[in-house]
Amino acid sequence: MPFPPSALSPDPMTTWQRIRRSWIWYALLLAPFCLFLLFVIWPTINAFRLSLYRMEGRNEVFVGLDHYVRLLNDSVFIDAIGNTVLLGVAFLVIVLPLSLVLASLMNGIRHFSTPFKVIYFLPQVTSAVAIALVFNYIFQPDWGLLNAILRNLGVADVPLWLAEPRHSLTGSRAAVTILAVWMGLGYFVIVILAGLQTVPRDLYDAAAVDGAGPVQSWRHITLPGLRPILIFLIVTGIIDAMARFSDLWMLGGPGGAPARSLQSIVMFMYQTAFESGNLNLASAVAVIFFMIVLLITAVNYGLFIRRETTTT
Amino acid sequence: MTMWRGTTLRRGRATETRSGPRWSTRRQVGAYVVLILGALVFIIPFVWMFTTSLSRRANQGLPRIPTFWPPDPSDFNYMVASANLPLVQFYANSLITVTAVTLGYLFFSSLAGYVFAKGRFPFRGPLFLLFLFTLFIPFPMQMIPLYLLVKDLGLSNSLAGLVVPFLVGGFGIFFMRQSMMSIPDDLVDAARLDGAGELRIYRSVMLPLCGPALATLAVISVLWRWNDVLWPILVNSERSLYTVTQGLAIAGRSQGIFTGVAMATAAMAILPVIVAYIIFQRWIIRGIATTGTRG
């Protein structure tokens, strides 16, 4: 004899029933999800697929890993990777200590920290393209601002800056590193400052009572308090550096002139895709680029982040 | 450039209590001196750009002693630059596309954020993970297939091609979900008891309470789309559709020796942005400091 369903003995809902009952959530998610599938997920998958094919006329021909073999034997590509890493490391090695010091100073002053923040952050709101255009002329060896200042200071043999492709402290790589530090410093300062402001003053007062000097309290209170933020800045800073494009493209063109000294991975990808017209080979560059970023993130996770999430 | 990154560095409001060590007056003065010198390093290039843009002689390519005011001020360079480039058109293109992307991005991010923050339904976890995963994919990875897709959809060389691909992103959804999760469930349940539907709750309860988060997301979206050059140069080859940044990139690379004209072009692209920045600086800097994302 059939029992009517009662609240006391609820028959377990099947997944299908639960899906039908929550139709409103799926309906709300429908439009964003379709856009997401089409413009984010599909291109990501398609990059892998394209990298395994070659165009013959209008037909795609499967070539397996040929593009990867070709890239790894291409010294121009390997140099582009090396150059991107070199520029990224130089940038981070300079910008991190510098922003740490400036943020600490900004945190120490009593008034007017807002105008400083606004000024330091200014290059971040103007596009890298506009900044690079201005700096192209600031670095101009004959009539640029920088060499004019150096001449006024009595330097007779002024550097060539962007016109010097060799590895040199006054060459093109140094110039774009100065540019990157100038552009990025404000961002690093503001993020570090936000971290400094979460370190309570009580800790410093207690340290002062115990007789700690400013350097000691900086070493034992400020630095440990900033650890998560510094790790965040390093991880994202490396990824940004690997994806560097706009300013280098503006100053050196897609080839990274002079003598490919300013070429980056993304510029190589751009050149392969839109100047040589080989979208499939460029997709293989994209996949290698993605793998490098993934590898760096994984290494960072192993080195820093895991410790961060397990000890706290 | 980097919308895929997603970490909220600071949860909740900034503490109102003072932080940091107490410094003596002498140390304070020292700090001010260093900070002012640093500020000059950031201001001088902009000043140089502006003074050079006013000087006709700056186009001769001769060594000059930098001055704070050009000996021959005139609007000559601006006349040449604006005759070369339809900057008004570029500004209109930039404003239209950036506004459209930002409105759409805020709408879809908050809608999906609401679903993931307050909805209870099968496959919620896996679906959210799918969105979250894309935070780790840098844009250059998707760039070439996206270019092919936009071309196949017939959107290249149209302003829509600059808008449609960027309406939905993992970061915005993640960010809005985080801020909506801090809104108490009781509020949502009370609205449901009053007979409000989910769409109504989203519009009348959640959105008004998420004002600051939406403002932060808007700042990030505007900076990101306004300053992007890589995507516009891929899909847009028609001059009448250039954005400001794209026009500047293409024109700026061809000025050669004409420093004055180049600086006038740069100034016309930079100065309005600086004015907007000074007006909205509180929102912009807070947005960057709390999310760690710079558009």
# chains A, B, ... in the order shown; residues from 1 in each chain; ligands from 1
call {"tool": "closest_atom_pairs", "arguments": {"of": "chain A", "to": "chain B", "cutoff": "6 Å", "atoms": "only C-alpha atoms", "output": "Markdown table"}}
result
| residue | atom | partner | partner_atom | distance |
| --- | --- | --- | --- | --- |
| A:Ser22 | CA | B:Phe121 | CA | 5.7 |
| A:Leu29 | CA | B:Ala112 | CA | 5.9 |
| A:Pro32 | CA | B:Phe108 | CA | 5.8 |
| A:Phe36 | CA | B:Val168 | CA | 5.9 |
| A:Phe39 | CA | B:Pro165 | CA | 5.5 |
| A:Pro43 | CA | B:Pro145 | CA | 4.9 |
| A:Thr44 | CA | B:Gln142 | CA | 5.2 |
| A:Ala47 | CA | B:Pro145 | CA | 5.9 |
| A:Leu105 | CA | B:Ala31 | CA | 5.4 |
| A:Ile109 | CA | B:Gln28 | CA | 5.6 |
| A:Ser127 | CA | B:Asn227 | CA | 4.7 |
| A:Val129 | CA | B:Ala249 | CA | 6.0 |
| A:Ala130 | CA | B:Ala266 | CA | 5.8 |
| A:Asp142 | CA | B:Pro63 | CA | 5.8 |
| A:Trp143 | CA | B:Pro63 | CA | 4.2 |
| A:Ile190 | CA | B:Ala289 | CA | 5.9 |
| A:Val191 | CA | B:Ala289 | CA | 5.0 |
| A:Ala194 | CA | B:Ala289 | CA | 5.8 |
| A:Gln197 | CA | B:Ser19 | CA | 5.2 |
| A:Pro200 | CA | B:Ser19 | CA | 5.0 |
| A:Arg201 | CA | B:Ser19 | CA | 4.6 |
| A:Tyr204 | CA | B:Pro21 | CA | 5.5 |
| A:Ala286 | CA | B:Met141 | CA | 4.8 |
call {"tool": "write_last_selection", "arguments": {"atoms": "N, CA and C atoms", "output": "PDB file, in the first residue's frame"}}
result
ATOM      1  N   SER A  22      17.104  23.687  -8.921  1.00  0.00           N
ATOM      2  CA  SER A  22      17.936  24.890  -8.867  1.00  0.00           C
ATOM      3  C   SER A  22      18.128  25.490 -10.255  1.00  0.00           C
ATOM      4  N   LEU A  29      23.518  31.851 -14.626  1.00  0.00           N
ATOM      5  CA  LEU A  29      24.907  31.617 -15.007  1.00  0.00           C
ATOM      6  C   LEU A  29      25.069  31.422 -16.518  1.00  0.00           C
ATOM      7  N   PRO A  32      27.012  34.441 -18.732  1.00  0.00           N
ATOM      8  CA  PRO A  32      28.453  34.533 -18.470  1.00  0.00           C
ATOM      9  C   PRO A  32      29.192  33.242 -18.807  1.00  0.00           C
ATOM     10  N   PHE A  36      32.256  32.803 -21.421  1.00  0.00           N
ATOM     11  CA  PHE A  36      33.489  32.296 -20.846  1.00  0.00           C
ATOM     12  C   PHE A  36      34.019  31.103 -21.644  1.00  0.00           C
ATOM     13  N   PHE A  39      35.219  32.553 -25.184  1.00  0.00           N
ATOM     14  CA  PHE A  39      36.322  33.504 -25.284  1.00  0.00           C
ATOM     15  C   PHE A  39      37.479  33.235 -24.334  1.00  0.00           C
ATOM     16  N   PRO A  43      39.717  29.291 -26.588  1.00  0.00           N
ATOM     17  CA  PRO A  43      41.034  29.720 -27.084  1.00  0.00           C
ATOM     18  C   PRO A  43      42.191  29.020 -26.381  1.00  0.00           C
ATOM     19  N   THR A  44      42.052  28.768 -25.083  1.00  0.00           N
ATOM     20  CA  THR A  44      43.134  28.103 -24.361  1.00  0.00           C
ATOM     21  C   THR A  44      43.359  26.690 -24.905  1.00  0.00           C
ATOM     22  N   ALA A  47      44.831  26.741 -28.471  1.00  0.00           N
ATOM     23  CA  ALA A  47      46.260  27.042 -28.588  1.00  0.00           C
ATOM     24  C   ALA A  47      47.059  25.742 -28.623  1.00  0.00           C
ATOM     25  N   LEU A 105      59.742  54.319   4.292  1.00  0.00           N
ATOM     26  CA  LEU A 105      59.825  55.757   4.559  1.00  0.00           C
ATOM     27  C   LEU A 105      58.429  56.369   4.553  1.00  0.00           C
ATOM     28  N   ILE A 109      56.495  58.562   7.820  1.00  0.00           N
ATOM     29  CA  ILE A 109      56.219  59.999   7.898  1.00  0.00           C
ATOM     30  C   ILE A 109      54.809  60.230   8.431  1.00  0.00           C
ATOM     31  N   SER A 127      49.662  54.781 -19.988  1.00  0.00           N
ATOM     32  CA  SER A 127      49.966  53.509 -20.635  1.00  0.00           C
ATOM     33  C   SER A 127      51.465  53.338 -20.844  1.00  0.00           C
ATOM     34  N   VAL A 129      52.764  52.388 -23.382  1.00  0.00           N
ATOM     35  CA  VAL A 129      53.064  52.896 -24.716  1.00  0.00           C
ATOM     36  C   VAL A 129      53.446  54.377 -24.661  1.00  0.00           C
ATOM     37  N   ALA A 130      52.646  55.168 -23.930  1.00  0.00           N
ATOM     38  CA  ALA A 130      52.929  56.601 -23.833  1.00  0.00           C
ATOM     39  C   ALA A 130      54.253  56.837 -23.120  1.00  0.00           C
ATOM     40  N   ASP A 142      71.764  62.096 -28.429  1.00  0.00           N
ATOM     41  CA  ASP A 142      72.261  63.423 -28.797  1.00  0.00           C
ATOM     42  C   ASP A 142      71.470  64.571 -28.172  1.00  0.00           C
ATOM     43  N   TRP A 143      70.153  64.464 -28.167  1.00  0.00           N
ATOM     44  CA  TRP A 143      69.390  65.594 -27.635  1.00  0.00           C
ATOM     45  C   TRP A 143      68.373  65.180 -26.559  1.00  0.00           C
ATOM     46  N   ILE A 190      52.969  50.869  -3.336  1.00  0.00           N
ATOM     47  CA  ILE A 190      51.612  50.931  -2.789  1.00  0.00           C
ATOM     48  C   ILE A 190      51.185  49.588  -2.203  1.00  0.00           C
ATOM     49  N   VAL A 191      51.541  48.501  -2.869  1.00  0.00           N
ATOM     50  CA  VAL A 191      51.157  47.189  -2.342  1.00  0.00           C
ATOM     51  C   VAL A 191      51.931  46.895  -1.051  1.00  0.00           C
ATOM     52  N   ALA A 194      50.504  48.970   1.780  1.00  0.00           N
ATOM     53  CA  ALA A 194      49.263  48.393   2.300  1.00  0.00           C
ATOM     54  C   ALA A 194      49.589  47.272   3.276  1.00  0.00           C
ATOM     55  N   GLN A 197      50.915  48.678   6.626  1.00  0.00           N
ATOM     56  CA  GLN A 197      49.896  49.282   7.479  1.00  0.00           C
ATOM     57  C   GLN A 197      49.079  48.248   8.248  1.00  0.00           C
ATOM     58  N   PRO A 200      50.734  46.082  13.365  1.00  0.00           N
ATOM     59  CA  PRO A 200      50.277  47.010  14.400  1.00  0.00           C
ATOM     60  C   PRO A 200      51.426  47.744  15.088  1.00  0.00           C
ATOM     61  N   ARG A 201      51.154  48.981  15.482  1.00  0.00           N
ATOM     62  CA  ARG A 201      52.181  49.798  16.115  1.00  0.00           C
ATOM     63  C   ARG A 201      52.641  49.200  17.449  1.00  0.00           C
ATOM     64  N   TYR A 204      55.918  47.461  17.485  1.00  0.00           N
ATOM     65  CA  TYR A 204      57.116  48.310  17.472  1.00  0.00           C
ATOM     66  C   TYR A 204      57.352  48.909  18.850  1.00  0.00           C
ATOM     67  N   ALA A 286      53.254  30.036 -27.731  1.00  0.00           N
ATOM     68  CA  ALA A 286      52.327  30.343 -26.646  1.00  0.00           C
ATOM     69  C   ALA A 286      52.288  29.219 -25.622  1.00  0.00           C
TER      70      ALA A 286
END
call {"tool": "residues_around", "arguments": {"residues": "segment 87-103 of chain B", "least_positions_apart": "2", "cutoff": "6 Å", "atoms": "only C-alpha atoms", "output": "list in words"}}
result
Leu85, Tyr105, Leu106, Val163, Leu167, Ser221, Arg225, Tyr242, Thr243 and Val244 of chain B
call {"tool": "write_last_selection", "arguments": {"atoms": "N, CA and C atoms", "output": "mmCIF file, in the first residue's frame"}}
result
data_model
loop_
_atom_site.group_PDB
_atom_site.id
_atom_site.type_symbol
_atom_site.label_atom_id
_atom_site.label_comp_id
_atom_site.auth_asym_id
_atom_site.auth_seq_id
_atom_site.Cartn_x
_atom_site.Cartn_y
_atom_site.Cartn_z
ATOM 1 N N LEU B 85 46.972 63.306 -36.586
ATOM 2 C CA LEU B 85 46.215 62.234 -35.950
ATOM 3 C C LEU B 85 44.817 62.712 -35.566
ATOM 4 N N TYR B 105 31.547 43.874 -17.950
ATOM 5 C CA TYR B 105 32.389 43.122 -17.024
ATOM 6 C C TYR B 105 31.828 43.184 -15.602
ATOM 7 N N LEU B 106 31.383 44.385 -15.199
ATOM 8 C CA LEU B 106 30.804 44.521 -13.859
ATOM 9 C C LEU B 106 29.517 43.714 -13.756
ATOM 10 N N VAL B 163 35.569 44.664 -27.511
ATOM 11 C CA VAL B 163 34.720 44.603 -26.321
ATOM 12 C C VAL B 163 34.380 43.163 -25.950
ATOM 13 N N LEU B 167 34.335 40.576 -21.830
ATOM 14 C CA LEU B 167 33.170 40.819 -20.985
ATOM 15 C C LEU B 167 33.157 39.924 -19.749
ATOM 16 N N SER B 221 39.302 47.397 -14.466
ATOM 17 C CA SER B 221 38.884 47.168 -15.847
ATOM 18 C C SER B 221 39.239 48.343 -16.757
ATOM 19 N N ARG B 225 41.845 47.994 -19.903
ATOM 20 C CA ARG B 225 41.433 48.116 -21.301
ATOM 21 C C ARG B 225 41.961 49.397 -21.943
ATOM 22 N N TYR B 242 41.024 53.147 -34.347
ATOM 23 C CA TYR B 242 42.108 53.085 -33.359
ATOM 24 C C TYR B 242 41.652 53.608 -32.000
ATOM 25 N N THR B 243 42.194 52.988 -30.942
ATOM 26 C CA THR B 243 42.055 53.578 -29.617
ATOM 27 C C THR B 243 43.180 54.587 -29.411
ATOM 28 N N VAL B 244 43.101 55.354 -28.340
ATOM 29 C CA VAL B 244 44.136 56.360 -28.077
ATOM 30 C C VAL B 244 45.505 55.690 -27.973
#
call {"tool": "select_by_dssp", "arguments": {"residues": "segment 11-230 of chain A", "states": "strand (DSSP E)", "output": "PDB file with C-alpha atoms, in the first residue's frame"}}
result
ATOM      1  CA  TYR A  53      49.112  21.368 -36.921  1.00  0.00           C
ATOM      2  CA  ARG A  54      50.499  23.022 -40.015  1.00  0.00           C
ATOM      3  CA  MET A  55      48.547  24.903 -42.664  1.00  0.00           C
ATOM      4  CA  GLU A  56      48.735  23.609 -46.223  1.00  0.00           C
ATOM      5  CA  ASN A  59      43.870  22.510 -44.878  1.00  0.00           C
ATOM      6  CA  GLU A  60      45.290  21.635 -41.503  1.00  0.00           C
ATOM      7  CA  VAL A  61      47.887  18.887 -41.486  1.00  0.00           C
ATOM      8  CA  PHE A  62      48.829  17.143 -38.263  1.00  0.00           C
TER       9      PHE A  62
END
call {"tool": "atom_distance", "arguments": {"atom1": "atom CA of Arg219 of chain A", "atom2": "atom CA of Thr114 of chain A"}}
result
25.8 Å
call {"tool": "select_by_dssp", "arguments": {"residues": "segment 162-196 of chain A", "states": "alpha helix (DSSP H)", "output": "PyMOL selection string"}}
result
chain A and resi 172-196
call {"tool": "residues_around", "arguments": {"residues": "segment 289-297 of chain A", "least_positions_apart": "2", "cutoff": "12 Å", "atoms": "only C-alpha atoms", "output": "PyMOL selection string"}}
result
(chain A and resi 44+47-48+68+71+77-78+80-82+84-85+231-232+234-244+264-269+282-287+299-306) or (chain B and resi 5+133-143)
call {"tool": "atom_distance", "arguments": {"atom1": "atom CA of Leu169 of chain A", "atom2": "atom CA of Leu150 of chain A"}}
result
15.0 Å
call {"tool": "atom_distance", "arguments": {"atom1": "atom CA of Gly161 of chain B", "atom2": "atom CA of Asn236 of chain B"}}
result
8.2 Å
call {"tool": "residues_around", "arguments": {"residues": "Gln124 of chain A", "least_positions_apart": "4", "cutoff": "9 Å", "atoms": "only C-alpha atoms", "output": "ChimeraX atom specification"}}
result
/A:120,128,183-187 /B:223,294
call {"tool": "write_last_selection", "arguments": {"atoms": "N, CA and C atoms", "output": "mmCIF file, in the first residue's frame"}}
result
data_model
loop_
_atom_site.group_PDB
_atom_site.id
_atom_site.type_symbol
_atom_site.label_atom_id
_atom_site.label_comp_id
_atom_site.auth_asym_id
_atom_site.auth_seq_id
_atom_site.Cartn_x
_atom_site.Cartn_y
_atom_site.Cartn_z
ATOM 1 N N TYR A 120 54.038 58.776 -7.087
ATOM 2 C CA TYR A 120 54.804 57.570 -7.408
ATOM 3 C C TYR A 120 54.007 56.623 -8.301
ATOM 4 N N ALA A 128 51.895 52.084 -20.840
ATOM 5 C CA ALA A 128 53.303 51.775 -21.095
ATOM 6 C C ALA A 128 53.721 52.330 -22.454
ATOM 7 N N MET A 183 58.502 52.759 -14.181
ATOM 8 C CA MET A 183 57.070 52.527 -14.376
ATOM 9 C C MET A 183 56.458 51.737 -13.231
ATOM 10 N N GLY A 184 57.177 50.699 -12.752
ATOM 11 C CA GLY A 184 56.559 49.753 -11.838
ATOM 12 C C GLY A 184 56.709 50.080 -10.361
ATOM 13 N N LEU A 185 57.642 50.997 -10.045
ATOM 14 C CA LEU A 185 57.971 51.239 -8.640
ATOM 15 C C LEU A 185 56.736 51.613 -7.817
ATOM 16 N N GLY A 186 55.906 52.499 -8.350
ATOM 17 C CA GLY A 186 54.748 52.984 -7.596
ATOM 18 C C GLY A 186 53.815 51.857 -7.205
ATOM 19 N N TYR A 187 53.620 50.909 -8.114
ATOM 20 C CA TYR A 187 52.759 49.764 -7.813
ATOM 21 C C TYR A 187 53.336 48.960 -6.658
ATOM 22 N N LEU B 223 41.617 50.718 -16.349
ATOM 23 C CA LEU B 223 43.070 50.817 -16.562
ATOM 24 C C LEU B 223 43.540 49.749 -17.543
ATOM 25 N N ARG B 294 46.765 45.528 -11.033
ATOM 26 C CA ARG B 294 46.915 46.880 -11.591
ATOM 27 C C ARG B 294 46.380 46.988 -13.002
#
